[in-house]
Amino acid sequence: MAPEASRGKTQVNDSSTRRRLWRCAGAFDGLQTFGLVVLLFGLPVGESVKSIGLALAIAGFVGKLACGKAPAFRRRGSVVALGALFLIATLSVAFAEPALRKPFDLVIRALVLVVFPLVLDACQRRSRTLLFAWAIVAGAAVAAVMGYAGFIGAEVRHRLALPSIENAVPAGEYLAAAAVVAAALLWFEWRARVAGPLLWLSTAATVGALVLTKTRGAFAGAAAGFACLLALLSRRRYALALLVVAAVGAWVFVATHPEARVITARYQIDARFVAWKGAIEKVGERPVLGHGLGSFDLFGIVYRDERVVEPQLHAHNDLLQAASETGLLGAGALALFLVLGIRDVLRSVRSVRRRLWRAVSCGALGGAVVLIAAGLGATVMGGETGTLLLALLAIGAAAGEGTSS
């Protein structure tokens, strides 16, 4: 065979191989997107649903890499900060005392943190940010309805929880963030024949369930998130004055209702001060890498009074939790990630022109503000609330980038 013919056949084979790899990468990309939709819908709905969704998303992403398609989040500072956060957490476990070492918690943390780059990568097509936002809203609405059924059917009705979030505190935080995202989409779709009524119902169901969780931190976070959303959508900074109005209203309510839960559960507020003080003391003992990821519940910090003896399993503050478990390095990496993530979303809000993408990015930022504000008095970086926060930061940043297809 002539050399020219051999080279031509080789080029044809190479071109055919590239086309096959490109088609395979596209199929894996679709699998990743489908898995993320299942994950974001299933976060509050069921453990099996969200586990299947995350597994499919990871499989799709790994498949794309195997086909030679590079990830879309390269050279992004927030991803680097997130990687540093996980590396520091790994070192904290490696150098922790044997009695405080929890290596399995690294796996759990990795399954939460991986959502951020997965969503960023999938959102190289900007239309997927809207798809993911709808998945969050729909999942919260379905979980709220399921929560209503459990709440009404209970013999003793205390506080509403969600099928996959059985603690009312994180359930309230999750619902508050989802309600802000739903309200942002409603701002754009309220006149639509199909989407409008669905969003009205979803928002009402989510807000109603939020009220029944009776979660103070979620209410405060919702006030901050809705005020932020209104300020962004109306482009009027004075809308943030709603925070002051909400704070005054809360104070008046507490002052005129001595039977309110914020008073009757005062010991829970005092317990948070005990947890914060204990966390700060633990930071002083090992300030660089902390005592190891997931070790806080082993510190033996207990709140006591004449009626209650309550072990403190969490620091009730994300930064203090990170500082006590992974040191000042871990807390610094977490703070840096949040700052860079919010910066990326703000850039998206400023750059986007179409109302649809502005609604998505503003809703994502408002939802993230809900969870960050709630994290001042609770721990939201793990589990479903942490996964939602990471997804919202990625969705908000990508809404002003990527292709529109």
# chains A, B, ... in the order shown; residues from 1 in each chain; ligands from 1

$ closest_atom_pairs --of "segment 120-171 of chain A" --to "segment 358-376 of chain A" --cutoff "12 Å" --atoms "only C-alpha atoms" --output "CSV"
residue,atom,partner,partner_atom,distance
A:Arg126,CA,A:Val360,CA,10.3
A:Ser127,CA,A:Val360,CA,10.2
A:Arg128,CA,A:Val360,CA,10.6
A:Thr129,CA,A:Val360,CA,7.2
A:Leu130,CA,A:Val360,CA,6.5
A:Leu131,CA,A:Val360,CA,10.0
A:Phe132,CA,A:Val360,CA,9.7
A:Ala133,CA,A:Val360,CA,7.1
A:Trp134,CA,A:Val360,CA,9.6
A:Ile136,CA,A:Ala364,CA,10.4
A:Val137,CA,A:Gly363,CA,10.8
A:Val169,CA,A:Ala374,CA,9.7
A:Pro170,CA,A:Ala374,CA,9.3
A:Ala171,CA,A:Leu371,CA,11.4

$ write_last_selection --atoms "all heavy atoms" --output "CSV table (one decimal), in the first residue's frame"
chain,number,residue,atom,x,y,z
A,126,ARG,N,-26.1,26.8,29.7
A,126,ARG,CA,-26.8,27.6,30.6
A,126,ARG,C,-28.2,27.2,30.9
A,126,ARG,O,-28.8,27.4,31.9
A,126,ARG,CB,-26.7,29.1,30.2
A,126,ARG,CG,-27.2,30.1,31.2
A,126,ARG,CD,-26.9,31.5,30.9
A,126,ARG,NE,-27.3,31.9,29.5
A,126,ARG,CZ,-27.0,33.0,29.0
A,126,ARG,NH1,-26.3,33.9,29.7
A,126,ARG,NH2,-27.4,33.3,27.7
A,127,SER,N,-28.8,26.6,29.9
A,127,SER,CA,-30.2,26.2,30.0
A,127,SER,C,-30.4,25.2,31.2
A,127,SER,O,-31.5,25.1,31.7
A,127,SER,CB,-30.8,25.6,28.7
A,127,SER,OG,-30.0,24.5,28.3
A,128,ARG,N,-29.3,24.5,31.5
A,128,ARG,CA,-29.4,23.5,32.6
A,128,ARG,C,-29.6,24.2,34.0
A,128,ARG,O,-30.0,23.5,34.9
A,128,ARG,CB,-28.2,22.6,32.5
A,128,ARG,CG,-28.3,21.7,31.3
A,128,ARG,CD,-27.0,20.8,31.2
A,128,ARG,NE,-27.1,20.0,30.0
A,128,ARG,CZ,-26.0,19.3,29.6
A,128,ARG,NH1,-24.9,19.3,30.3
A,128,ARG,NH2,-26.1,18.5,28.5
A,129,THR,N,-29.1,25.4,34.1
A,129,THR,CA,-29.3,26.1,35.4
A,129,THR,C,-30.8,26.2,35.7
A,129,THR,O,-31.2,26.1,36.8
A,129,THR,CB,-28.7,27.5,35.4
A,129,THR,OG1,-29.3,28.3,34.4
A,129,THR,CG2,-27.2,27.4,35.1
A,130,LEU,N,-31.6,26.5,34.7
A,130,LEU,CA,-33.1,26.6,34.9
A,130,LEU,C,-33.6,25.2,35.2
A,130,LEU,O,-34.5,25.1,36.1
A,130,LEU,CB,-33.7,27.1,33.6
A,130,LEU,CG,-35.2,27.3,33.6
A,130,LEU,CD1,-35.7,28.2,34.7
A,130,LEU,CD2,-35.8,27.7,32.3
A,131,LEU,N,-33.1,24.2,34.5
A,131,LEU,CA,-33.6,22.8,34.8
A,131,LEU,C,-33.3,22.4,36.2
A,131,LEU,O,-34.2,21.9,36.9
A,131,LEU,CB,-32.9,21.8,33.8
A,131,LEU,CG,-33.2,20.4,34.0
A,131,LEU,CD1,-34.6,20.1,33.7
A,131,LEU,CD2,-32.3,19.5,33.1
A,132,PHE,N,-32.1,22.7,36.7
A,132,PHE,CA,-31.7,22.4,38.1
A,132,PHE,C,-32.5,23.2,39.1
A,132,PHE,O,-32.9,22.7,40.2
A,132,PHE,CB,-30.2,22.6,38.3
A,132,PHE,CG,-29.4,21.7,37.5
A,132,PHE,CD1,-28.1,22.0,37.1
A,132,PHE,CD2,-29.8,20.4,37.1
A,132,PHE,CE1,-27.3,21.2,36.4
A,132,PHE,CE2,-29.0,19.6,36.4
A,132,PHE,CZ,-27.8,20.0,36.0
A,133,ALA,N,-32.8,24.5,38.8
A,133,ALA,CA,-33.6,25.3,39.7
A,133,ALA,C,-35.0,24.7,39.8
A,133,ALA,O,-35.6,24.7,40.9
A,133,ALA,CB,-33.7,26.7,39.2
A,134,TRP,N,-35.6,24.3,38.7
A,134,TRP,CA,-36.9,23.7,38.7
A,134,TRP,C,-36.9,22.4,39.5
A,134,TRP,O,-37.9,22.1,40.3
A,134,TRP,CB,-37.4,23.4,37.3
A,134,TRP,CG,-38.3,24.5,36.8
A,134,TRP,CD1,-37.9,25.5,35.9
A,134,TRP,CD2,-39.6,24.8,37.0
A,134,TRP,NE1,-38.9,26.4,35.6
A,134,TRP,CE2,-40.0,25.9,36.3
A,134,TRP,CE3,-40.6,24.1,37.8
A,134,TRP,CZ2,-41.3,26.5,36.3
A,134,TRP,CZ3,-41.9,24.7,37.8
A,134,TRP,CH2,-42.2,25.8,37.1
A,136,ILE,N,-35.0,21.7,42.1
A,136,ILE,CA,-35.0,22.1,43.5
A,136,ILE,C,-36.4,22.5,44.0
A,136,ILE,O,-36.8,22.0,45.1
A,136,ILE,CB,-34.0,23.2,43.7
A,136,ILE,CG1,-32.5,22.7,43.5
A,136,ILE,CG2,-34.1,23.8,45.1
A,136,ILE,CD1,-31.5,23.8,43.5
A,137,VAL,N,-37.0,23.3,43.2
A,137,VAL,CA,-38.4,23.8,43.6
A,137,VAL,C,-39.4,22.6,43.6
A,137,VAL,O,-40.2,22.5,44.6
A,137,VAL,CB,-38.9,24.9,42.6
A,137,VAL,CG1,-40.3,25.2,42.9
A,137,VAL,CG2,-38.0,26.1,42.8
A,169,VAL,N,-35.1,21.4,62.2
A,169,VAL,CA,-34.2,22.5,62.0
A,169,VAL,C,-33.6,22.5,60.5
A,169,VAL,O,-33.8,23.5,59.8
A,169,VAL,CB,-33.1,22.6,63.0
A,169,VAL,CG1,-32.1,23.7,62.7
A,169,VAL,CG2,-33.7,22.7,64.4
A,170,PRO,N,-32.9,21.5,60.1
A,170,PRO,CA,-32.4,21.6,58.7
A,170,PRO,C,-33.6,21.5,57.7
A,170,PRO,O,-33.4,22.0,56.6
A,170,PRO,CB,-31.5,20.3,58.6
A,170,PRO,CG,-31.9,19.4,59.7
A,170,PRO,CD,-32.4,20.3,60.8
A,171,ALA,N,-34.7,20.9,58.1
A,171,ALA,CA,-35.8,20.9,57.2
A,171,ALA,C,-36.3,22.3,56.9
A,171,ALA,O,-36.6,22.7,55.8
A,171,ALA,CB,-37.0,20.0,57.7

$ residues_around --residues "Ser295 of chain A" --least-positions-apart "4" --cutoff "10 Å" --atoms "only C-alpha atoms" --output "compact mmCIF listing (two decimals) with all heavy atoms, in the first residue's frame"
# COMPACT_ATOMS: atom_id res chain seq x y z
N VAL A 93 -7.84 14.69 59.72
CA VAL A 93 -8.11 13.32 60.14
C VAL A 93 -6.82 12.54 60.28
O VAL A 93 -6.64 11.75 61.22
CB VAL A 93 -9.06 12.64 59.13
CG1 VAL A 93 -9.22 11.15 59.45
CG2 VAL A 93 -10.42 13.32 59.13
N ALA A 96 -5.17 13.58 63.54
CA ALA A 96 -6.02 13.61 64.73
C ALA A 96 -5.60 12.52 65.72
O ALA A 96 -4.94 11.53 65.35
CB ALA A 96 -7.48 13.42 64.33
N GLU A 97 -6.00 12.71 66.95
CA GLU A 97 -5.78 11.67 67.94
C GLU A 97 -6.60 10.44 67.57
O GLU A 97 -7.71 10.56 67.04
CB GLU A 97 -6.18 12.17 69.32
CG GLU A 97 -5.35 13.36 69.81
CD GLU A 97 -5.83 13.87 71.16
OE1 GLU A 97 -6.79 13.26 71.70
OE2 GLU A 97 -5.28 14.87 71.64
N ALA A 99 -8.53 8.45 69.08
CA ALA A 99 -9.89 8.37 69.62
C ALA A 99 -10.84 9.33 68.90
O ALA A 99 -12.06 9.15 68.98
CB ALA A 99 -9.87 8.69 71.12
N LEU A 100 -10.31 10.34 68.21
CA LEU A 100 -11.14 11.33 67.53
C LEU A 100 -11.12 11.18 66.01
O LEU A 100 -11.71 11.99 65.31
CB LEU A 100 -10.69 12.74 67.90
CG LEU A 100 -10.75 13.12 69.38
CD1 LEU A 100 -10.21 14.53 69.59
CD2 LEU A 100 -12.17 13.01 69.91
N ARG A 101 -10.45 10.15 65.54
CA ARG A 101 -10.27 9.99 64.10
C ARG A 101 -11.49 9.32 63.48
O ARG A 101 -11.91 8.24 63.91
CB ARG A 101 -9.01 9.17 63.82
CG ARG A 101 -8.52 9.21 62.39
CD ARG A 101 -7.17 8.53 62.30
NE ARG A 101 -6.17 9.24 63.08
CZ ARG A 101 -5.04 8.67 63.50
NH1 ARG A 101 -4.81 7.40 63.27
NH2 ARG A 101 -4.16 9.40 64.18
N LYS A 102 -12.08 9.97 62.46
CA LYS A 102 -13.25 9.43 61.76
C LYS A 102 -13.01 9.48 60.25
O LYS A 102 -13.50 10.38 59.57
CB LYS A 102 -14.50 10.24 62.11
CG LYS A 102 -14.99 10.08 63.54
CD LYS A 102 -16.30 10.82 63.71
CE LYS A 102 -16.90 10.61 65.07
NZ LYS A 102 -18.21 11.30 65.21
N ASP A 105 -15.95 9.89 57.73
CA ASP A 105 -16.55 11.22 57.55
C ASP A 105 -15.96 11.94 56.34
O ASP A 105 -16.60 12.83 55.77
CB ASP A 105 -16.35 12.06 58.81
CG ASP A 105 -17.40 11.74 59.87
OD1 ASP A 105 -17.84 10.58 59.92
OD2 ASP A 105 -17.77 12.64 60.64
N GLY A 290 -6.90 21.43 63.80
CA GLY A 290 -8.04 21.02 64.59
C GLY A 290 -7.93 19.59 65.10
O GLY A 290 -6.87 18.96 65.05
N HIS A 291 -9.04 19.06 65.56
CA HIS A 291 -9.07 17.74 66.18
C HIS A 291 -9.53 16.65 65.23
O HIS A 291 -9.63 15.49 65.64
CB HIS A 291 -10.01 17.78 67.39
CG HIS A 291 -9.51 18.66 68.50
ND1 HIS A 291 -8.72 18.21 69.53
CD2 HIS A 291 -9.68 19.99 68.72
CE1 HIS A 291 -8.45 19.20 70.35
NE2 HIS A 291 -9.01 20.31 69.88
N PHE A 299 -16.27 15.67 71.75
CA PHE A 299 -15.59 16.60 72.65
C PHE A 299 -16.14 16.55 74.07
O PHE A 299 -15.49 17.02 75.00
CB PHE A 299 -15.70 18.03 72.12
CG PHE A 299 -14.92 18.29 70.86
CD1 PHE A 299 -15.19 19.41 70.08
CD2 PHE A 299 -13.91 17.43 70.46
CE1 PHE A 299 -14.48 19.66 68.92
CE2 PHE A 299 -13.18 17.68 69.30
CZ PHE A 299 -13.47 18.78 68.54
N LEU A 313 -23.80 18.16 70.11
CA LEU A 313 -23.22 17.34 69.04
C LEU A 313 -22.69 18.17 67.89
O LEU A 313 -21.96 17.65 67.04
CB LEU A 313 -24.28 16.36 68.52
CG LEU A 313 -24.92 15.44 69.58
CD1 LEU A 313 -25.93 14.51 68.93
CD2 LEU A 313 -23.85 14.66 70.33
N HIS A 314 -23.07 19.44 67.86
CA HIS A 314 -22.61 20.35 66.80
C HIS A 314 -22.26 21.69 67.43
O HIS A 314 -22.74 22.03 68.52
CB HIS A 314 -23.69 20.55 65.74
CG HIS A 314 -24.18 19.27 65.13
ND1 HIS A 314 -23.46 18.56 64.20
CD2 HIS A 314 -25.32 18.56 65.34
CE1 HIS A 314 -24.13 17.48 63.85
NE2 HIS A 314 -25.27 17.45 64.53
N GLN A 321 -17.54 25.28 63.83
CA GLN A 321 -17.46 23.83 63.62
C GLN A 321 -16.22 23.49 62.81
O GLN A 321 -15.46 22.57 63.16
CB GLN A 321 -18.71 23.34 62.89
CG GLN A 321 -18.74 21.85 62.63
CD GLN A 321 -19.57 21.07 63.61
OE1 GLN A 321 -20.29 21.65 64.41
NE2 GLN A 321 -19.46 19.76 63.57
N SER A 324 -12.93 24.16 64.89
CA SER A 324 -12.63 23.19 65.94
C SER A 324 -12.25 21.83 65.37
O SER A 324 -11.44 21.11 65.96
CB SER A 324 -13.84 23.04 66.87
OG SER A 324 -14.98 22.58 66.15
N GLU A 325 -12.80 21.47 64.23
CA GLU A 325 -12.52 20.14 63.65
C GLU A 325 -11.35 20.15 62.69
O GLU A 325 -10.56 19.19 62.66
CB GLU A 325 -13.76 19.63 62.92
CG GLU A 325 -14.93 19.31 63.84
CD GLU A 325 -16.11 18.71 63.10
OE1 GLU A 325 -16.11 18.74 61.85
OE2 GLU A 325 -17.02 18.20 63.77
N THR A 326 -11.21 21.20 61.88
CA THR A 326 -10.15 21.25 60.87
C THR A 326 -9.22 22.44 61.05
O THR A 326 -8.42 22.74 60.16
CB THR A 326 -10.76 21.29 59.45
OG1 THR A 326 -11.58 22.46 59.32
CG2 THR A 326 -11.62 20.06 59.20

$ select_by_dssp --residues "segment 57-217 of chain A" --states "helix (DSSP H, G or I)" --output "ChimeraX atom specification"
/A:57-66,77-94,98-100,104-113,115-122,127-153,168-189,195-213,216-217

$ residues_around --residues "Lys277 of chain A" --least-positions-apart "2" --cutoff "12 Å" --atoms "only C-alpha atoms" --output "VMD selection string"
chain A and resid 270 to 275 279 to 284 301 to 303 312 315 to 317 320 to 321 324

$ residues_around --residues "Leu212 of chain A" --least-positions-apart "2" --cutoff "8 Å" --atoms "only C-alpha atoms" --output "PDB file with C-alpha atoms, in the first residue's frame"
ATOM      1  CA  ARG A 159     -42.962  20.305  64.257  1.00  0.00           C
ATOM      2  CA  LEU A 160     -43.095  19.414  60.589  1.00  0.00           C
ATOM      3  CA  GLY A 208     -46.550  26.777  54.583  1.00  0.00           C
ATOM      4  CA  ALA A 209     -44.348  23.817  55.462  1.00  0.00           C
ATOM      5  CA  LEU A 210     -41.588  26.210  56.538  1.00  0.00           C
ATOM      6  CA  LYS A 214     -41.163  26.370  63.754  1.00  0.00           C
TER       7      LYS A 214
END

$ select_by_dssp --residues "segment 95-344 of chain A" --states "strand (DSSP E or B)" --output "VMD selection string"
chain A and resid 125 162 165 302 to 304 309 to 311

$ write_last_selection --atoms "C-alpha atoms" --output "PDB file, in the first residue's frame"
ATOM      1  CA  ARG A 125     -25.014  24.775  28.905  1.00  0.00           C
ATOM      2  CA  LEU A 162     -39.428  16.218  55.580  1.00  0.00           C
ATOM      3  CA  ILE A 165     -34.713  15.458  56.531  1.00  0.00           C
ATOM      4  CA  VAL A 302     -22.644  19.400  77.580  1.00  0.00           C
ATOM      5  CA  TYR A 303     -25.200  22.049  78.477  1.00  0.00           C
ATOM      6  CA  ARG A 304     -26.670  21.679  81.981  1.00  0.00           C
ATOM      7  CA  VAL A 309     -28.780  17.954  80.417  1.00  0.00           C
ATOM      8  CA  GLU A 310     -28.071  18.149  76.691  1.00  0.00           C
ATOM      9  CA  PRO A 311     -24.851  17.001  74.937  1.00  0.00           C
TER      10      PRO A 311
END

$ residues_around --residues "Val339 of chain A" --least-positions-apart "6" --cutoff "12 Å" --atoms "only C-alpha atoms" --output "list in words"
Gly77, Ser78, Val79, Ala81, Leu82, Gly332, Ala333, Val345, Leu346, Ala368, Val369, Ile372 and Leu393 of chain A

$ write_last_selection --atoms "C-alpha atoms" --output "short mmCIF file (atom, residue, chain, number, x, y, z; two decimals), in the first residue's frame"
data_model
loop_
_atom_site.label_atom_id
_atom_site.label_comp_id
_atom_site.auth_asym_id
_atom_site.auth_seq_id
_atom_site.Cartn_x
_atom_site.Cartn_y
_atom_site.Cartn_z
CA GLY A 77 -10.82 29.93 42.16
CA SER A 78 -13.83 28.60 44.05
CA VAL A 79 -13.10 25.04 42.88
CA ALA A 81 -10.66 26.67 47.41
CA LEU A 82 -13.06 23.72 47.68
CA GLY A 332 -10.18 29.89 56.39
CA ALA A 333 -10.62 27.61 53.37
CA VAL A 345 -22.75 34.62 41.58
CA LEU A 346 -22.70 38.41 41.98
CA ALA A 368 -27.53 30.69 49.33
CA VAL A 369 -27.95 33.74 51.60
CA ILE A 372 -25.33 31.08 55.03
CA LEU A 393 -23.66 28.64 44.30
#
